[in-house]
Structure formats: C-alpha cells, structure tokens
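Taking it in order: structure first as structure tokens, then the write-up.
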Amino acid sequence: MAVLTPHPPTRPPTSEARPSSPRHALAPRRRSRTAVLVAAAIGFAGAFVVAYLLFVRTEAGQRAEDGVVRFAQNLPRSTVDWARPLAGVDGVEVFGAAGIVIVALAVLRKRFALGVTALVLYLLPLAAAQLLKIYLLDRPDVGSAGAPHHNSFPSGHVSAATAVLLALAVVLPARFRTWVLVVGAPGVAWVAAATVALSWHRLSDTVGACLLVAAVVSAGAAVVSARRPDGGRIPPVLTAVALLGPVAVVLGGYAVLASATSVPARFIAALVLAALSAMAVVLLAAGPLRRVNFDPSGARNRLCAGER
C-alpha cells in the first residue's frame, strides 16, 4: 500500500534569490565608474609630482631643459613663425571669453547646475596652477647656468588651454564628449609646442600643466560619479591604464629628451614631446570621463525612469 508523503510547503524566495532593484543594480556600476576616476586622478597627480621632481629638481633634468630654452632664445624669428600667433593672444580676454561661452552653453541647454559644475572645473585648475607656480613650487639652481631660473612649472597658457577643452567637454552633451576631446587635443598640443618654441616654457611646464588640469577634473568627476549613477562597469585594464598611463608619458618624455645627442636635436625633441604629451594626457582623460553624468537633473531623470 502506497503511502503518500505530503510535499513540504514552498517557502517564499529569500532576499538572495530576489531580483535586485534598479537602485541596487546601479550601485556596482557606480562604484566601478568612480574607481576608474579615482585611479585617473591619482595617476595624473602622481605623474605631475614625478615630472616636477625629474625635470625641475634634478641637475640632469635642468641641464636638458635649459639647453632647449637657450637654443629657442637664439633662434631667428622666421624659424618659429608658426608659433607667433600665440604671442598676439591676450590670455585674460580669451580665457575670460571662454568662461562666458561655457556659461552660455549651459544656459542654452537649460542646465544651470551643469554650467556651475563646468565653470568650477574650468577655474579651479587655473587657480591651482597659479598658486603652485607662484607660491608653492620653486626651481632650485642645480643645473647649468644661462637660462632663467624663476619657476615656470606649470605653464599657465597650457593649463588654460587644457581647462577650456575639458570644461567644454563637460558642458556639452555627453554623446559629443569624446569627439570634443579628440578634435580639441591638437589645439592644446599646438599651444604646448608654441610655448616651448617661443622660449616661454620648458617641456616639463607644458606636461605638468596638462597633468594638473586632468587631475583636478578627474577628481571632480569622481565626486560627481560617487553621488550619481552614470555608467556601466569598467574593465580592470582601463583602471590600470588610468593609474599608470600618465607617469609612463612623463618617464618616456624624460628618457627621450635626456638621450638627445645635440642641442638642436633636443630642441626638436622638446617640441614634439610637448605636442604628443599634451595629446596623450587629453586622450587618457577622455576614457574615464566619457560617460560621467555631470548634470544633476539628468541623473535624477535617469534614476526615476529606472525605478518605473
């Protein structure tokens, strides 16, 4: 005779088996996005320190760069005609106008909070560059004589050019961000190379300026990303590139400049390295910044849509 055994009552699914809510699903993505931004900020800031110590605080770095400055000072004017337009630019007017354009774009998009964020990320690195150059950093006389030994690290011109480009990338729609940075990177590269050709700045000044701006903007983006869901998970290799890529740019530039066998070759190397390093820093910043949602109203709308 068969004995029927009653089935145990079915238990409701535990919290582990329940599908996660949209809010919970956003958390790991937010942490991953924030992690790569923090890595980028640390990488850019660390490379800035390395550039200062290698180029400015060592005798070998000063000798390499001072030779370039002296060579540029003695060049015929016609040799660097391509850089002369920068000498006719009124920095205060141009970069003040850039700030007005950033605010105007935010007003046209009706994104006032976004405009404030972009303006802060534009002005903060400019203030940091001047504070560091004038008050906090110095250039000890440990290298060769014959070149100016007042501190010029980091470059104000290159800081401003980089800050304008990154602020425009922030205030414009995110779908255009990568294109803005890719198209604008050659402009920053031209400013960096022109300041070297005109004997205004050394290679390290231009590289340090780009790194400083990228560090400040990446740190600001990390703060924004930690508060707002704004993107998907980031592969670990991209985090490693964000952390180590900037210092690789600095070390590579130092190795090439120091290995040049003649002063003219070193001058050409400094021009090329200033341009390439500026473009490399902008492109390294483009990856982590690509999908960051800097707009508070846009973040709220996306979260509400996900909860519905």
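As shown in the structure tokens, the chain order sets the letters A, B, ...; within each chain, residues go from 1, and ligands are also counted from 1 in the order they appear.
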
>> Which residues are close to range 52-65 of chain A, i.e. within 7 Å by only C-alpha atoms, leaving aside same-chain residues fewer than 4 positions away? Reply as a list in words.
In response: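 Residues near the query, excluding close chain neighbours: Phe48, Val69, Arg139, Pro140, Val142, Gly143, Ser144, Arg202, Ser204, Leu257 and Ala258 of chain A.
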
How about saving the chosen residues, N, CA, C and O atoms kept, as a compact mmCIF listing (two decimals), in the first residue's frame?
```txt
# COMPACT_ATOMS: atom_id res chain seq x y z
N PHE A 48 52.26 64.32 -12.20
CA PHE A 48 52.62 65.72 -12.01
C PHE A 48 53.80 65.85 -11.04
O PHE A 48 54.77 66.58 -11.30
N VAL A 69 65.90 75.97 -23.75
CA VAL A 69 65.49 77.38 -23.59
C VAL A 69 66.50 78.31 -24.25
O VAL A 69 66.13 79.23 -24.99
N ARG A 139 62.20 76.52 -8.30
CA ARG A 139 63.15 75.90 -9.22
C ARG A 139 64.56 76.16 -8.69
O ARG A 139 65.14 77.21 -8.98
N PRO A 140 65.12 75.24 -7.94
CA PRO A 140 66.45 75.47 -7.38
C PRO A 140 67.51 75.51 -8.48
O PRO A 140 67.39 74.83 -9.50
N VAL A 142 70.27 74.11 -9.64
CA VAL A 142 71.15 72.95 -9.53
C VAL A 142 71.67 72.53 -10.90
O VAL A 142 72.46 71.59 -10.99
N GLY A 143 71.23 73.19 -11.97
CA GLY A 143 71.64 72.80 -13.30
C GLY A 143 72.62 73.77 -13.91
O GLY A 143 73.36 74.46 -13.20
N SER A 144 72.60 73.84 -15.22
CA SER A 144 73.54 74.71 -15.92
C SER A 144 73.07 76.15 -15.85
O SER A 144 71.89 76.44 -15.74
N ARG A 202 59.40 75.42 -20.60
CA ARG A 202 60.12 74.17 -20.83
C ARG A 202 59.11 73.06 -21.09
O ARG A 202 57.93 73.20 -20.81
N SER A 204 58.71 70.34 -19.40
CA SER A 204 58.07 69.91 -18.15
C SER A 204 56.93 70.83 -17.76
O SER A 204 55.93 70.39 -17.17
N LEU A 257 64.17 63.08 -24.06
CA LEU A 257 64.85 64.38 -24.01
C LEU A 257 66.28 64.23 -23.49
O LEU A 257 67.22 64.85 -24.01
N ALA A 258 66.47 63.42 -22.46
CA ALA A 258 67.80 63.27 -21.87
C ALA A 258 68.75 62.53 -22.79
O ALA A 258 69.97 62.70 -22.69
```

> Which residues come within 12 Å of Val94 in chain A, counting only C-alpha atoms, excluding same-chain residues fewer than 5 positions away, as a list in words?
Replying inline: Leu86, Gly88, Val89, Gly99, Ile100, Val101, His157, Ala160, Ala161 and Val164 of chain A

> Quick one: of A:Trp190, A:Phe95, A:Tyr254, A:Phe294, who's nearest to Tyr122 in chain A, counting only C-alpha atoms?
Replying inline: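 Going through A:Trp190, A:Phe95, A:Tyr254, A:Phe294 one by one, the smallest distance to Tyr122 in chain A is for A:Phe95.
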
> Neighbours of range 108-110 of chain A within 12 Å (only C-alpha atoms; same-chain residues fewer than 4 positions away dropped), as a ChimeraX atom specification?
Replying inline: /A:101-104,114-116,171-173,295,297-298

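If you measure from each of A:Val158, A:Leu244, A:Val224, A:Ala128 to Met279 in chain A using only C-alpha atoms, the closest one turns out to be A:Val158.
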
>> Between CA of Leu238 in chain A and CA of Ala45 in chain A, what distance in Å does the model show, to one decimal?
In response: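 A separation of 17.3 Å between them.
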
> Which neighbours of Val183 in chain A fall inside 12 Å, counting only C-alpha atoms, when residues of the same chain fewer than 4 positions from it are skipped, and could you give them as JSON, numbers by chain?
Replying inline: {"A": [165, 166, 168, 169, 176, 177, 178, 179, 187, 188, 189, 279, 282, 283, 286]}

> What gap, in Å, lies between CA of Leu289 in chain A and CA of Val207 in chain A?
Replying inline: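 We find that CA of Leu289 in chain A and CA of Val207 in chain A lie 19.5 Å from each other.
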
Residues within 8 Å of range 123-125 of chain A, please, as a PDB file with C-alpha atoms, in the first residue's frame. Count only C-alpha atoms; anything in the same chain fewer than 4 positions from it doesn't count.
```
ATOM      1  CA  LEU A 119      32.745  76.611 -14.577  1.00  0.00           C
ATOM      2  CA  ALA A 129      48.324  76.262 -11.454  1.00  0.00           C
ATOM      3  CA  SER A 159      46.756  74.957 -18.157  1.00  0.00           C
ATOM      4  CA  ALA A 163      40.968  73.566 -18.893  1.00  0.00           C
ATOM      5  CA  LEU A 212      47.355  69.179 -13.246  1.00  0.00           C
ATOM      6  CA  VAL A 213      44.167  70.070 -15.111  1.00  0.00           C
ATOM      7  CA  VAL A 216      41.561  68.232 -10.929  1.00  0.00           C
ATOM      8  CA  VAL A 217      38.836  67.424 -13.475  1.00  0.00           C
TER       9      VAL A 217
END
```

> Could you pull out the alpha helix (DSSP H) residues of range 76-187 of chain A from DSSP and send them as an NGL selection string?
Replying inline: :A and (84-87 or 91-108 or 112-131 or 156-171 or 177-187)

> How many Å lie between CA of Ala167 in chain A and CA of Ala118 in chain A, rounded to one decimal?
Replying inline: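 Result for CA of Ala167 in chain A versus CA of Ala118 in chain A: 5.2 Å, one decimal.
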
> From the set A:Ala40, A:Ala255, A:Ile134, A:Leu126, which residue has the shortest atom-to-atom contact distance to Val92 in chain A, counting only C-alpha atoms?
Replying inline: A:Leu126

>> Give me the residues near Ala87 in chain A as a list of chain:residue names, where near means some atom within 12 Å (using only C-alpha atoms) and where sequence neighbours in that chain fewer than 2 positions away do not count.
In response: A:Val80, A:Asp81, A:Trp82, A:Ala83, A:Arg84, A:Pro85, A:Val89, A:Asp90, A:Gly91, A:His157, A:Val191, A:Ala194, A:Thr195, A:Ala197, A:Leu198, A:Ser199, A:Trp200

Using the selection just defined, write its residues with C-alpha atoms as a PDB file, in the first residue's frame.
```pdb
ATOM      1  CA  VAL A  80      59.095  79.783 -35.324  1.00  0.00           C
ATOM      2  CA  ASP A  81      56.563  81.829 -37.291  1.00  0.00           C
ATOM      3  CA  TRP A  82      54.061  79.024 -36.783  1.00  0.00           C
ATOM      4  CA  ALA A  83      54.097  79.788 -33.040  1.00  0.00           C
ATOM      5  CA  ARG A  84      53.906  83.597 -33.319  1.00  0.00           C
ATOM      6  CA  PRO A  85      50.078  83.830 -33.248  1.00  0.00           C
ATOM      7  CA  VAL A  89      46.794  86.428 -27.868  1.00  0.00           C
ATOM      8  CA  ASP A  90      45.554  88.337 -24.832  1.00  0.00           C
ATOM      9  CA  GLY A  91      45.204  85.490 -22.365  1.00  0.00           C
ATOM     10  CA  HIS A 157      48.939  79.042 -21.066  1.00  0.00           C
ATOM     11  CA  VAL A 191      49.762  75.722 -27.517  1.00  0.00           C
ATOM     12  CA  ALA A 194      54.375  77.022 -29.227  1.00  0.00           C
ATOM     13  CA  THR A 195      55.266  77.976 -25.652  1.00  0.00           C
ATOM     14  CA  ALA A 197      59.300  77.326 -29.401  1.00  0.00           C
ATOM     15  CA  LEU A 198      58.879  80.890 -28.096  1.00  0.00           C
ATOM     16  CA  SER A 199      61.174  80.056 -25.117  1.00  0.00           C
ATOM     17  CA  TRP A 200      58.351  80.859 -22.700  1.00  0.00           C
TER      18      TRP A 200
END
```
